[in-house]
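Peer 1: My file is structure31.cif. It has mmCIF, C-alpha atoms:
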```
data_protein
#
loop_
_atom_site.label_atom_id
_atom_site.label_comp_id
_atom_site.auth_asym_id
_atom_site.auth_seq_id
_atom_site.Cartn_x
_atom_site.Cartn_y
_atom_site.Cartn_z
CA MET A 1 70.65 90.09 68.37
CA LYS A 2 68.55 91.28 71.33
CA ALA A 3 67.05 94.70 71.92
CA ILE A 4 65.96 96.17 75.25
CA VAL A 5 63.24 98.75 74.67
CA ASN A 6 60.88 100.96 76.68
CA GLY A 7 63.48 101.98 79.22
CA LYS A 8 65.79 104.80 80.22
CA ILE A 9 69.33 103.80 79.20
CA ILE A 10 71.99 104.90 81.70
CA LEU A 11 75.14 105.72 79.77
CA LYS A 12 78.36 106.95 81.35
CA ASP A 13 77.64 110.60 80.57
CA ARG A 14 73.85 110.84 80.20
CA ILE A 15 70.54 109.00 80.28
CA ALA A 16 69.12 108.19 76.84
CA GLU A 17 65.35 107.97 76.39
CA ASN A 18 63.29 106.66 73.48
CA CYS A 19 66.25 104.48 72.53
CA ALA A 20 66.94 100.76 72.42
CA LEU A 21 70.02 98.88 73.61
CA LEU A 22 71.21 96.25 71.12
CA TYR A 23 73.42 93.42 72.34
CA THR A 24 74.70 89.91 71.74
CA ASP A 25 77.39 88.85 74.20
CA LYS A 26 78.72 92.39 73.66
CA ILE A 27 77.06 95.78 73.55
CA GLU A 28 76.27 96.38 69.87
CA ASP A 29 74.64 99.80 69.78
CA VAL A 30 72.24 102.33 71.25
CA ILE A 31 69.73 103.39 68.59
CA PRO A 32 66.33 105.09 68.32
CA GLU A 33 63.58 102.64 69.17
CA ASN A 34 61.99 102.99 65.75
CA LEU A 35 65.17 101.62 64.16
CA VAL A 36 65.28 98.30 66.01
CA PRO A 37 65.95 95.48 63.49
CA GLU A 38 62.90 93.37 62.71
CA ASN A 39 64.70 90.13 63.58
CA ALA A 40 65.82 91.32 67.04
CA GLU A 41 64.53 89.56 70.14
CA ILE A 42 62.68 92.24 72.11
CA ILE A 43 63.00 92.67 75.88
CA ASP A 44 60.65 95.19 77.49
CA ALA A 45 62.12 97.28 80.31
CA ASN A 46 58.61 98.40 81.29
CA GLY A 47 59.64 102.02 81.68
CA GLY A 48 62.47 101.32 84.10
CA TYR A 49 66.19 101.86 83.88
CA ILE A 50 68.66 99.95 81.70
CA ALA A 51 72.13 100.17 83.23
CA PRO A 52 75.53 98.49 83.22
CA GLY A 53 75.99 95.60 85.63
CA LEU A 54 77.24 96.66 89.05
CA ILE A 55 80.69 95.78 90.44
CA ASP A 56 81.31 95.42 94.19
CA LEU A 57 84.97 95.75 95.18
CA HIS A 58 84.44 94.84 98.81
CA ILE A 59 82.06 92.14 100.01
CA HIS A 60 82.70 89.49 102.68
CA GLY A 61 79.62 87.35 102.32
CA TYR A 62 75.92 86.97 101.68
CA LEU A 63 73.02 84.69 102.63
CA SER A 64 74.90 83.36 105.72
CA LYS A 65 77.97 82.38 103.67
CA ASP A 66 81.40 83.86 104.34
CA VAL A 67 84.21 84.14 101.78
CA CYS A 68 86.53 83.01 104.58
CA ASP A 69 84.61 79.73 104.81
CA GLY A 70 86.96 78.71 102.02
CA GLU A 71 84.25 76.45 100.60
CA GLU A 72 83.20 76.30 96.96
CA GLU A 73 79.55 76.00 97.95
CA SER A 74 79.76 79.24 99.95
CA ILE A 75 81.16 81.15 96.98
CA ARG A 76 78.51 79.71 94.68
CA ILE A 77 75.71 80.76 97.04
CA ILE A 78 77.14 84.26 97.47
CA SER A 79 77.57 84.67 93.72
CA LYS A 80 74.06 83.51 92.92
CA GLY A 81 72.52 85.68 95.63
CA LEU A 82 74.24 88.81 94.37
CA LEU A 83 72.47 88.56 91.01
CA ALA A 84 69.31 89.86 92.67
CA ASN A 85 71.24 93.03 93.59
CA GLY A 86 72.43 93.64 90.04
CA VAL A 87 76.01 92.57 90.75
CA THR A 88 77.55 91.15 87.58
CA GLY A 89 81.12 91.05 88.93
CA TYR A 90 82.70 91.30 92.37
CA LEU A 91 85.76 90.78 94.53
CA PRO A 92 85.15 88.15 97.23
CA THR A 93 86.84 89.77 100.23
CA THR A 94 88.85 88.05 102.92
CA MET A 95 89.59 89.56 106.31
CA THR A 96 92.24 89.37 109.03
CA GLU A 97 92.16 85.67 109.87
CA ASP A 98 94.73 82.95 110.37
CA MET A 99 96.86 82.78 107.24
CA SER A 100 95.74 79.22 106.58
CA VAL A 101 92.14 80.44 106.42
CA ILE A 102 93.02 83.30 104.08
CA ARG A 103 95.03 81.02 101.81
CA LYS A 104 92.22 78.50 101.58
CA ALA A 105 89.72 81.23 100.69
CA LEU A 106 91.99 82.65 97.99
CA GLU A 107 92.71 79.23 96.55
CA THR A 108 89.00 78.40 96.44
CA CYS A 109 88.25 81.62 94.54
CA ARG A 110 91.21 80.98 92.25
CA ALA A 111 89.81 77.52 91.41
CA LEU A 112 86.35 78.95 90.67
CA LYS A 113 87.28 82.13 88.84
CA GLU A 114 87.20 80.73 85.29
CA GLU A 115 84.02 78.74 85.89
CA SER A 116 82.34 81.85 87.32
CA LYS A 117 82.37 83.44 83.86
CA THR A 118 79.59 81.08 82.79
CA TRP A 119 77.83 79.92 85.96
CA GLN A 120 74.46 81.06 87.32
CA GLY A 121 75.97 83.75 89.48
CA SER A 122 78.02 86.93 89.58
CA THR A 123 81.49 86.69 88.05
CA ILE A 124 84.56 86.51 90.30
CA LEU A 125 86.82 89.30 89.06
CA GLY A 126 89.54 88.48 91.59
CA CYS A 127 89.76 88.87 95.35
CA HIS A 128 90.19 91.70 97.82
CA ALA A 129 92.48 90.75 100.71
CA GLU A 130 91.46 93.06 103.54
CA GLY A 131 94.39 92.43 105.87
CA PRO A 132 96.03 90.82 107.70
CA PHE A 133 98.56 93.66 107.32
CA ILE A 134 96.64 96.27 109.30
CA SER A 135 96.96 98.48 112.36
CA GLU A 136 95.73 97.05 115.66
CA SER A 137 94.46 100.45 116.76
CA LYS A 138 92.24 100.66 113.66
CA LYS A 139 91.32 97.00 113.33
CA GLY A 140 87.58 97.62 113.56
CA ALA A 141 85.82 94.25 113.51
CA GLN A 142 89.02 92.38 112.57
CA ASP A 143 90.71 90.03 115.07
CA ALA A 144 93.94 91.53 116.43
CA LYS A 145 95.58 88.17 117.11
CA TYR A 146 95.94 87.51 113.37
CA ILE A 147 97.51 90.86 112.42
CA LEU A 148 100.87 90.60 110.64
CA LYS A 149 103.49 92.93 109.19
CA PRO A 150 103.11 93.62 105.43
CA ASP A 151 104.56 90.74 103.42
CA ALA A 152 105.10 91.24 99.70
CA SER A 153 105.98 87.59 99.15
CA PHE A 154 102.48 86.50 100.21
CA VAL A 155 100.84 88.96 97.83
CA LYS A 156 103.13 87.88 94.99
CA GLU A 157 102.23 84.23 95.63
CA TYR A 158 98.57 85.06 94.99
CA LYS A 159 99.00 87.88 92.47
CA ASP A 160 96.82 86.04 89.95
CA ILE A 161 93.77 86.17 92.23
CA ILE A 162 94.35 89.11 94.59
CA LYS A 163 93.30 92.29 92.81
CA THR A 164 93.37 94.62 95.81
CA ILE A 165 95.21 94.36 99.13
CA THR A 166 94.26 96.52 102.11
CA LEU A 167 97.16 97.36 104.39
CA ALA A 168 98.24 99.97 106.92
CA PRO A 169 101.20 101.80 105.35
CA GLU A 170 102.69 102.80 108.71
CA CYS A 171 103.12 99.10 109.51
CA ASP A 172 105.45 98.69 106.53
CA THR A 173 109.12 99.73 106.71
CA GLU A 174 110.03 103.43 106.81
CA ASP A 175 110.63 103.36 103.04
CA PHE A 176 107.57 101.17 102.35
CA LYS A 177 109.57 98.20 101.16
CA ALA A 178 106.59 95.82 100.88
CA ILE A 179 104.39 98.37 99.13
CA ARG A 180 107.11 99.16 96.60
CA GLU A 181 107.77 95.48 95.94
CA ILE A 182 104.08 94.68 95.43
CA CYS A 183 103.70 97.60 93.03
CA ARG A 184 106.89 96.71 91.16
CA ASP A 185 106.28 93.00 90.76
CA THR A 186 102.49 92.69 90.48
CA ASP A 187 99.38 94.42 89.17
CA VAL A 188 97.76 94.22 92.61
CA VAL A 189 96.18 97.52 93.69
CA VAL A 190 97.52 98.53 97.11
CA SER A 191 94.83 100.17 99.23
CA MET A 192 95.41 102.04 102.49
CA GLY A 193 92.94 101.05 105.16
CA HIS A 194 92.55 100.01 108.78
CA THR A 195 95.37 102.44 109.36
CA SER A 196 96.53 104.86 112.05
CA ALA A 197 98.93 106.65 109.70
CA ASP A 198 99.22 110.41 109.87
CA TYR A 199 98.77 112.62 106.81
CA GLU A 200 102.47 112.75 105.95
CA THR A 201 102.89 108.97 106.13
CA ALA A 202 99.76 108.39 104.05
CA MET A 203 100.92 110.84 101.38
CA ALA A 204 104.37 109.26 101.33
CA SER A 205 102.79 105.82 100.84
CA ILE A 206 100.80 107.20 97.90
CA ASN A 207 104.07 108.34 96.38
CA ALA A 208 105.41 104.80 97.00
CA GLY A 209 102.56 103.18 95.10
CA VAL A 210 99.30 103.17 97.08
CA LYS A 211 96.45 103.76 94.61
CA HIS A 212 93.25 103.14 96.54
CA THR A 213 91.56 103.71 99.90
CA THR A 214 89.50 101.13 101.77
CA HIS A 215 86.08 102.35 103.04
CA LEU A 216 86.91 106.04 103.34
CA PHE A 217 86.42 107.51 106.86
CA ASN A 218 85.99 104.10 108.47
CA ALA A 219 88.94 102.59 110.39
CA MET A 220 91.43 105.37 109.63
CA THR A 221 92.72 108.62 111.08
CA PRO A 222 90.17 111.39 110.56
CA LEU A 223 90.41 114.75 108.84
CA THR A 224 90.94 117.63 111.27
CA HIS A 225 92.18 121.13 110.57
CA ARG A 226 95.67 120.57 112.04
CA ALA A 227 96.01 116.84 111.40
CA PRO A 228 94.46 115.92 108.03
CA GLY A 229 95.04 112.20 108.60
CA VAL A 230 94.48 109.41 106.11
CA VAL A 231 91.11 110.92 105.17
CA GLY A 232 92.85 114.14 104.18
CA ALA A 233 95.46 112.24 102.19
CA ALA A 234 92.78 110.21 100.39
CA LEU A 235 90.87 113.35 99.44
CA ASN A 236 93.99 115.30 98.45
CA GLY A 237 95.97 112.48 96.83
CA ASP A 238 95.65 110.83 93.44
CA VAL A 239 93.92 107.71 94.77
CA SER A 240 90.52 106.14 94.31
CA VAL A 241 88.30 105.73 97.35
CA GLU A 242 85.66 103.28 98.51
CA LEU A 243 82.53 104.51 100.24
CA ILE A 244 80.03 102.36 102.15
CA VAL A 245 76.80 103.98 100.97
CA ASP A 246 74.31 102.73 103.55
CA THR A 247 73.89 106.28 105.03
CA VAL A 248 75.14 104.93 108.38
CA HIS A 249 78.87 104.31 107.92
CA VAL A 250 79.22 107.75 106.31
CA ASP A 251 76.64 110.50 106.74
CA LYS A 252 74.65 111.27 103.63
CA SER A 253 75.42 114.99 103.97
CA LEU A 254 78.95 114.25 102.75
CA TYR A 255 77.96 112.66 99.44
CA ASN A 256 77.96 115.88 97.42
CA MET A 257 81.32 117.01 98.77
CA LEU A 258 82.96 113.65 98.15
CA TRP A 259 81.71 113.59 94.57
CA LYS A 260 83.06 117.08 93.93
CA LEU A 261 86.47 116.07 95.30
CA LYS A 262 86.88 112.57 93.84
CA GLU A 263 84.46 112.31 90.89
CA ARG A 264 85.42 109.26 88.78
CA LYS A 265 87.69 107.99 91.57
CA LEU A 266 84.71 107.44 93.88
CA CYS A 267 83.62 103.80 94.22
CA PHE A 268 80.52 102.66 96.07
CA ILE A 269 80.86 99.42 98.03
CA THR A 270 78.74 97.38 100.41
CA ASP A 271 81.32 95.80 102.76
CA CYS A 272 78.47 93.30 103.08
CA LEU A 273 78.67 90.56 105.70
CA PRO A 274 77.24 87.02 105.68
CA ALA A 275 74.12 88.48 107.31
CA GLY A 276 73.31 90.20 104.01
CA GLY A 277 70.01 89.03 102.56
CA LEU A 278 68.93 87.56 105.91
CA PRO A 279 66.50 88.62 108.67
CA VAL A 280 67.42 90.31 111.95
CA GLY A 281 69.49 88.01 114.16
CA GLU A 282 72.84 86.80 115.46
CA TYR A 283 75.49 85.72 112.96
CA THR A 284 79.26 85.29 112.76
CA LEU A 285 82.11 87.08 110.99
CA GLY A 286 85.61 85.65 111.07
CA GLY A 287 84.63 83.51 114.05
CA GLN A 288 83.24 86.50 115.98
CA LYS A 289 79.58 87.02 116.92
CA ILE A 290 77.81 89.85 115.14
CA PHE A 291 74.33 91.18 115.75
CA TYR A 292 72.12 92.50 112.96
CA ASP A 293 69.34 94.78 114.20
CA GLY A 294 67.71 95.51 110.86
CA THR A 295 69.89 98.52 110.12
CA ILE A 296 73.50 97.64 110.86
CA CYS A 297 75.74 94.87 112.19
CA LYS A 298 77.76 95.21 115.39
CA LEU A 299 80.14 93.12 117.49
CA GLU A 300 79.27 92.27 121.09
CA ASP A 301 81.18 95.37 122.26
CA GLY A 302 79.15 97.64 119.98
CA THR A 303 81.80 98.03 117.25
CA ILE A 304 80.21 98.52 113.82
CA ALA A 305 81.05 95.47 111.72
CA GLY A 306 80.37 96.05 108.05
CA SER A 307 76.94 96.29 106.49
CA VAL A 308 74.13 94.29 104.95
CA LEU A 309 73.76 96.78 102.13
CA ARG A 310 72.65 95.82 98.62
CA ILE A 311 74.74 97.73 96.09
CA ASN A 312 71.73 98.75 93.97
CA LYS A 313 70.17 100.21 97.11
CA GLY A 314 73.44 102.04 97.77
CA VAL A 315 73.28 103.68 94.35
CA TRP A 316 69.74 104.84 95.07
CA ASN A 317 70.72 106.03 98.57
CA VAL A 318 73.27 108.42 97.08
CA TYR A 319 71.04 109.56 94.23
CA THR A 320 68.14 110.41 96.54
CA ASN A 321 70.36 112.11 99.14
CA SER A 322 72.57 114.24 96.90
CA ASP A 323 72.70 116.37 93.78
CA ILE A 324 74.79 113.80 91.93
CA PRO A 325 73.25 112.75 88.59
CA LEU A 326 71.96 109.19 88.51
CA TYR A 327 74.35 108.23 85.71
CA GLU A 328 77.30 109.30 87.87
CA CYS A 329 75.91 107.37 90.85
CA VAL A 330 75.78 104.32 88.59
CA ASN A 331 79.35 104.99 87.39
CA CYS A 332 80.43 104.87 91.04
CA ALA A 333 79.18 101.28 91.21
CA SER A 334 80.22 100.17 87.72
CA LEU A 335 82.70 102.12 85.60
CA ASN A 336 84.75 103.52 88.48
CA PRO A 337 85.30 100.12 90.15
CA ALA A 338 86.05 98.60 86.73
CA THR A 339 88.69 101.29 86.25
CA VAL A 340 90.30 100.46 89.61
CA LEU A 341 90.61 96.86 88.41
CA GLY A 342 91.93 97.83 84.97
CA LEU A 343 88.78 96.42 83.33
CA GLU A 344 87.31 99.66 82.02
CA LYS A 345 87.86 98.64 78.38
CA SER A 346 85.54 95.64 78.74
CA LYS A 347 83.21 96.36 81.66
CA GLY A 348 81.53 99.12 83.61
CA SER A 349 79.44 100.96 80.99
CA LEU A 350 77.10 100.35 78.08
CA GLU A 351 79.60 101.26 75.39
CA VAL A 352 79.81 99.49 72.05
CA GLY A 353 82.17 96.51 72.18
CA LYS A 354 82.08 96.04 75.93
CA ASP A 355 80.74 92.89 77.61
CA ALA A 356 76.95 92.77 77.68
CA ASP A 357 76.73 92.95 81.48
CA ILE A 358 73.38 94.69 81.91
CA ILE A 359 70.73 95.26 84.52
CA ILE A 360 67.12 96.29 84.12
CA THR A 361 65.53 97.99 87.14
CA ASP A 362 62.30 99.62 88.12
CA ASN A 363 62.07 103.35 88.73
CA GLU A 364 63.53 103.03 92.23
CA PHE A 365 66.46 100.93 91.02
CA GLU A 366 65.19 97.59 92.27
CA ILE A 367 66.51 94.80 90.06
CA LYS A 368 64.16 93.20 87.57
CA LYS A 369 66.70 91.42 85.37
CA THR A 370 70.45 90.76 85.50
CA ILE A 371 72.30 89.86 82.30
CA ILE A 372 75.93 88.72 82.11
CA ALA A 373 77.75 88.40 78.78
CA GLY A 374 74.37 88.55 77.06
CA ASP A 375 72.75 85.75 79.06
CA VAL A 376 69.91 86.37 81.51
CA LYS A 377 71.08 85.14 84.90
CA TYR A 378 68.32 86.53 87.11
CA GLU A 379 64.71 87.69 86.77
CA SER A 380 62.57 88.95 89.65
#
```
As structure tokens, how would this structure be written, given the file I've shared?

Peer 2:
Amino acid sequence: MKAIVNGKIILKDRIAENCALLYTDKIEDVIPENLVPENAEIIDANGGYIAPGLIDLHIHGYLSKDVCDGEEESIRIISKGLLANGVTGYLPTTMTEDMSVIRKALETCRALKEESKTWQGSTILGCHAEGPFISESKKGAQDAKYILKPDASFVKEYKDIIKTITLAPECDTEDFKAIREICRDTDVVVSMGHTSADYETAMASINAGVKHTTHLFNAMTPLTHRAPGVVGAALNGDVSVELIVDTVHVDKSLYNMLWKLKERKLCFITDCLPAGGLPVGEYTLGGQKIFYDGTICKLEDGTIAGSVLRINKGVWNVYTNSDIPLYECVNCASLNPATVLGLEKSKGSLEVGKDADIIITDNEFEIKKTIIAGDVKYES
């Protein structure tokens, strides 16, 4: 039995002080510090925060490595690097590439998924296939030459490893045949994104089975007063939404409003590129040149191309630029993503019986220790 003391424990509905978190490979209890068992191994949080491990639903790479490399070594390096950001589980995310590249990346993650539960890195919870079934007009930094029509058979072939699939619903048939088939035959979460759909089409796709929205506001039709677009459908519909919380992709003035509208269906993501964790410079994404200027990544034509955000920094960005309680900001990067993946009974919060995926941070949410299934995987 281990006990983390001298910290502020971030629970799903409050922050507990003067308490200790007891754990083995599972969360055992939250008790007053003066009741810690004498035989417990003590870990001192040094006055910082004790929080559930963070879950990133959308990340393409880190430390120069790209999920679409399709190489085991790349995934291992990404996974290990993410520990320093408090990520205990994530979805390696592919993009619109040649299908052979996408398949290789998915198969590599499939081969490593079980091992990732015990390795010195963040756990692979599945994959996010961002494309290739997207709209050319909203492709963003994706390569148009690889765009395809939605294909349920491909998703079904990889239903054991794909957990979310981003597609443009208007590119499906009029009755959303592929979406309906994916939802009927798999547990894959269909997410609308990189889409030029109008409000009516987006709402109809939600009725057909779409449950999630890829990086809200970015690469989709906007909300206007006579044409609510995909943004309007995402805010009005019963779907969860991703938000890139770097304060650049979406203005920080919107954080309060989005929380009020979506609450526990709001998920913070990084959409991090291989340039994440690296200095300013020129890098690649899906074979295309990207330029990182210290704030954001762009293609040669100036198109914004994902971020280099650390998810713990994203949590702090929202907390310090909104009225949202810190515990709810943490939920947006832990419990809410876990719920999207159907893992809320085992991950995402410090509740008794859940996996002991824990982070210890300082008072500005910088990571001091990352623990997965009760084992320390990272210390600063």

Peer 1: Quick one, how far is atom CA of A:Ala234 from atom CA of A:Leu266?

Peer 2: 10.7 Å

Peer 1: So, counting only C-alpha atoms, which residue among A:Asn39, A:Asn6, A:Ser135, A:Gln142 is closest to A:Glu170?

Peer 2: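 Among the listed residues, A:Ser135 lies closest to A:Glu170.
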
Peer 1: Selected by the PyMOL selection byres ((chain A and resi 186) around 9) in the shown coordinates: which residues, as a list in words?

Peer 2: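 Matching residues under the PyMOL selection byres ((chain A and resi 186) around 9) are Val155, Lys156, Lys159, Asp160, Glu181, Ile182, Cys183, Arg184, Asp185, Asp187, Val188 and Val189 of chain A.
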
Peer 1: Starting from the shown file, work through the PyMOL selection byres ((chain A and resi 98-100) around 9) and note down what comes out as a PDB file with C-alpha atoms, in the coordinates of the input.

Peer 2:
```
ATOM      1  CA  THR A  96      92.240  89.370 109.030  1.00  0.00           C
ATOM      2  CA  GLU A  97      92.160  85.670 109.870  1.00  0.00           C
ATOM      3  CA  VAL A 101      92.140  80.440 106.420  1.00  0.00           C
ATOM      4  CA  ILE A 102      93.020  83.300 104.080  1.00  0.00           C
ATOM      5  CA  ARG A 103      95.030  81.020 101.810  1.00  0.00           C
ATOM      6  CA  LYS A 104      92.220  78.500 101.580  1.00  0.00           C
ATOM      7  CA  ALA A 105      89.720  81.230 100.690  1.00  0.00           C
ATOM      8  CA  PRO A 132      96.030  90.820 107.700  1.00  0.00           C
ATOM      9  CA  LYS A 145      95.580  88.170 117.110  1.00  0.00           C
ATOM     10  CA  TYR A 146      95.940  87.510 113.370  1.00  0.00           C
ATOM     11  CA  ILE A 147      97.510  90.860 112.420  1.00  0.00           C
TER      12      ILE A 147
END
```

Peer 1: Need to verify the contact set: A:Phe176, 12 Å, only C-alpha atoms, exclusion of same-chain residues closer than 2 positions in sequence. Can you return it as a ChimeraX atom specification?

Peer 2: /A:149-152,167-174,178-183,190,201-210

Peer 1: Determine, counting all atoms listed in the file, every residue of protein, DNA or RNA that lies within 12 Å of (85.0, 98.0, 79.1) in the file coordinates, then give the result as a count of residues only.

Peer 2: 28

Peer 1: Compare A:Ser307, A:Thr123, A:Thr284, A:Ser240 by their minimum atom-to-atom distance to A:Ser64, counting all atoms listed in the file, and give me the closest one.

Peer 2: A:Thr284

Peer 1: Could you state which residues are captured by the PyMOL selection byres ((chain A and resi 269-280) around 9) in this file, as an MDAnalysis selection string?

Peer 2: chainID A and resid 55:67 78 81 93 215 242:246 267:268 281:285 290:295 297 305:311 314 332:333

Peer 1: Please list as a VMD selection string every residue within 12 Å of stretch 17-25 of chain A, counting all atoms listed in the file and excluding residues in the same chain fewer than 2 positions away.

Peer 2: chain A and resid 1 to 11 14 to 15 27 to 37 39 to 45 47 to 52 118 346 350 to 360 371 to 376

Peer 1: Report, in Å to a single decimal, how far apart atom CA of A:Asp69 and atom CA of A:His128 are.

Peer 2: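 Between atom CA of A:His128 and atom CA of A:Asp69 the gap is 14.9 Å.
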
Peer 1: To one decimal place, how far is atom CA of A:Ser322 from atom CA of A:Glu263 in Å?

Peer 2: 13.5 Å

Peer 1: May I have the protein, DNA and RNA residues with any atom at most 12 Å from the point (89.0, 78.9, 87.6), counting only C-alpha atoms, written as a ChimeraX atom specification?

Peer 2: /A:72,106-119,123-126,160-161

Peer 1: Since we have the selection now, will you write its residues out, keeping C-alpha atoms, as a PDB file, in the coordinates of the input?

Peer 2:
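Printed below is again14.pdb as written:
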```
ATOM      1  CA  GLU A  72      83.200  76.300  96.960  1.00  0.00           C
ATOM      2  CA  LEU A 106      91.990  82.650  97.990  1.00  0.00           C
ATOM      3  CA  GLU A 107      92.710  79.230  96.550  1.00  0.00           C
ATOM      4  CA  THR A 108      89.000  78.400  96.440  1.00  0.00           C
ATOM      5  CA  CYS A 109      88.250  81.620  94.540  1.00  0.00           C
ATOM      6  CA  ARG A 110      91.210  80.980  92.250  1.00  0.00           C
ATOM      7  CA  ALA A 111      89.810  77.520  91.410  1.00  0.00           C
ATOM      8  CA  LEU A 112      86.350  78.950  90.670  1.00  0.00           C
ATOM      9  CA  LYS A 113      87.280  82.130  88.840  1.00  0.00           C
ATOM     10  CA  GLU A 114      87.200  80.730  85.290  1.00  0.00           C
ATOM     11  CA  GLU A 115      84.020  78.740  85.890  1.00  0.00           C
ATOM     12  CA  SER A 116      82.340  81.850  87.320  1.00  0.00           C
ATOM     13  CA  LYS A 117      82.370  83.440  83.860  1.00  0.00           C
ATOM     14  CA  THR A 118      79.590  81.080  82.790  1.00  0.00           C
ATOM     15  CA  TRP A 119      77.830  79.920  85.960  1.00  0.00           C
ATOM     16  CA  THR A 123      81.490  86.690  88.050  1.00  0.00           C
ATOM     17  CA  ILE A 124      84.560  86.510  90.300  1.00  0.00           C
ATOM     18  CA  LEU A 125      86.820  89.300  89.060  1.00  0.00           C
ATOM     19  CA  GLY A 126      89.540  88.480  91.590  1.00  0.00           C
ATOM     20  CA  ASP A 160      96.820  86.040  89.950  1.00  0.00           C
ATOM     21  CA  ILE A 161      93.770  86.170  92.230  1.00  0.00           C
TER      22      ILE A 161
END
```

Peer 1: Could you put an axis-aligned box around every listed atom of stretch 91-97 of chain A, padded by 3 Å on each side, and send me its centre and edge lengths in Å to one decimal, as lines of an AutoDock Vina configuration file?

Peer 2:
```
center_x = 88.7
center_y = 88.2
center_z = 102.2
size_x = 13.1
size_y = 11.1
size_z = 21.3
```

Peer 1: Provide stretch 233-246 of chain A rebuilt to N, CA and C atoms, formatted as a PDB file, in the frame of the given file.

Peer 2:
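Contents of out_11.pdb, as written:
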```pdb
ATOM      1  N   ALA A 233      94.576 112.728 103.251  1.00  0.00           N
ATOM      2  CA  ALA A 233      95.460 112.240 102.190  1.00  0.00           C
ATOM      3  C   ALA A 233      94.648 111.614 101.057  1.00  0.00           C
ATOM      4  N   ALA A 234      93.617 110.859 101.411  1.00  0.00           N
ATOM      5  CA  ALA A 234      92.780 110.210 100.390  1.00  0.00           C
ATOM      6  C   ALA A 234      92.038 111.239  99.546  1.00  0.00           C
ATOM      7  N   LEU A 235      91.603 112.317 100.170  1.00  0.00           N
ATOM      8  CA  LEU A 235      90.870 113.350  99.440  1.00  0.00           C
ATOM      9  C   LEU A 235      91.803 114.234  98.623  1.00  0.00           C
ATOM     10  N   ASN A 236      93.022 114.414  99.108  1.00  0.00           N
ATOM     11  CA  ASN A 236      93.990 115.300  98.450  1.00  0.00           C
ATOM     12  C   ASN A 236      94.874 114.569  97.452  1.00  0.00           C
ATOM     13  N   GLY A 237      95.055 113.252  97.659  1.00  0.00           N
ATOM     14  CA  GLY A 237      95.970 112.480  96.830  1.00  0.00           C
ATOM     15  C   GLY A 237      95.305 111.887  95.596  1.00  0.00           C
ATOM     16  N   ASP A 238      96.137 111.424  94.678  1.00  0.00           N
ATOM     17  CA  ASP A 238      95.650 110.830  93.440  1.00  0.00           C
ATOM     18  C   ASP A 238      95.358 109.347  93.655  1.00  0.00           C
ATOM     19  N   VAL A 239      94.332 109.081  94.477  1.00  0.00           N
ATOM     20  CA  VAL A 239      93.920 107.710  94.770  1.00  0.00           C
ATOM     21  C   VAL A 239      92.412 107.599  94.637  1.00  0.00           C
ATOM     22  N   SER A 240      91.955 106.416  94.298  1.00  0.00           N
ATOM     23  CA  SER A 240      90.520 106.140  94.310  1.00  0.00           C
ATOM     24  C   SER A 240      90.094 105.814  95.735  1.00  0.00           C
ATOM     25  N   VAL A 241      88.809 105.970  96.001  1.00  0.00           N
ATOM     26  CA  VAL A 241      88.300 105.730  97.350  1.00  0.00           C
ATOM     27  C   VAL A 241      87.034 104.890  97.305  1.00  0.00           C
ATOM     28  N   GLU A 242      86.899 104.023  98.302  1.00  0.00           N
ATOM     29  CA  GLU A 242      85.660 103.280  98.510  1.00  0.00           C
ATOM     30  C   GLU A 242      84.778 104.044  99.486  1.00  0.00           C
ATOM     31  N   LEU A 243      83.481 103.901  99.320  1.00  0.00           N
ATOM     32  CA  LEU A 243      82.530 104.510 100.240  1.00  0.00           C
ATOM     33  C   LEU A 243      81.396 103.523 100.496  1.00  0.00           C
ATOM     34  N   ILE A 244      81.168 103.204 101.772  1.00  0.00           N
ATOM     35  CA  ILE A 244      80.030 102.360 102.150  1.00  0.00           C
ATOM     36  C   ILE A 244      78.801 103.262 102.144  1.00  0.00           C
ATOM     37  N   VAL A 245      77.894 103.031 101.215  1.00  0.00           N
ATOM     38  CA  VAL A 245      76.800 103.980 100.970  1.00  0.00           C
ATOM     39  C   VAL A 245      75.478 103.491 101.567  1.00  0.00           C
ATOM     40  N   ASP A 246      75.525 103.149 102.847  1.00  0.00           N
ATOM     41  CA  ASP A 246      74.310 102.730 103.550  1.00  0.00           C
ATOM     42  C   ASP A 246      73.694 103.865 104.357  1.00  0.00           C
TER      43      ASP A 246
END
```
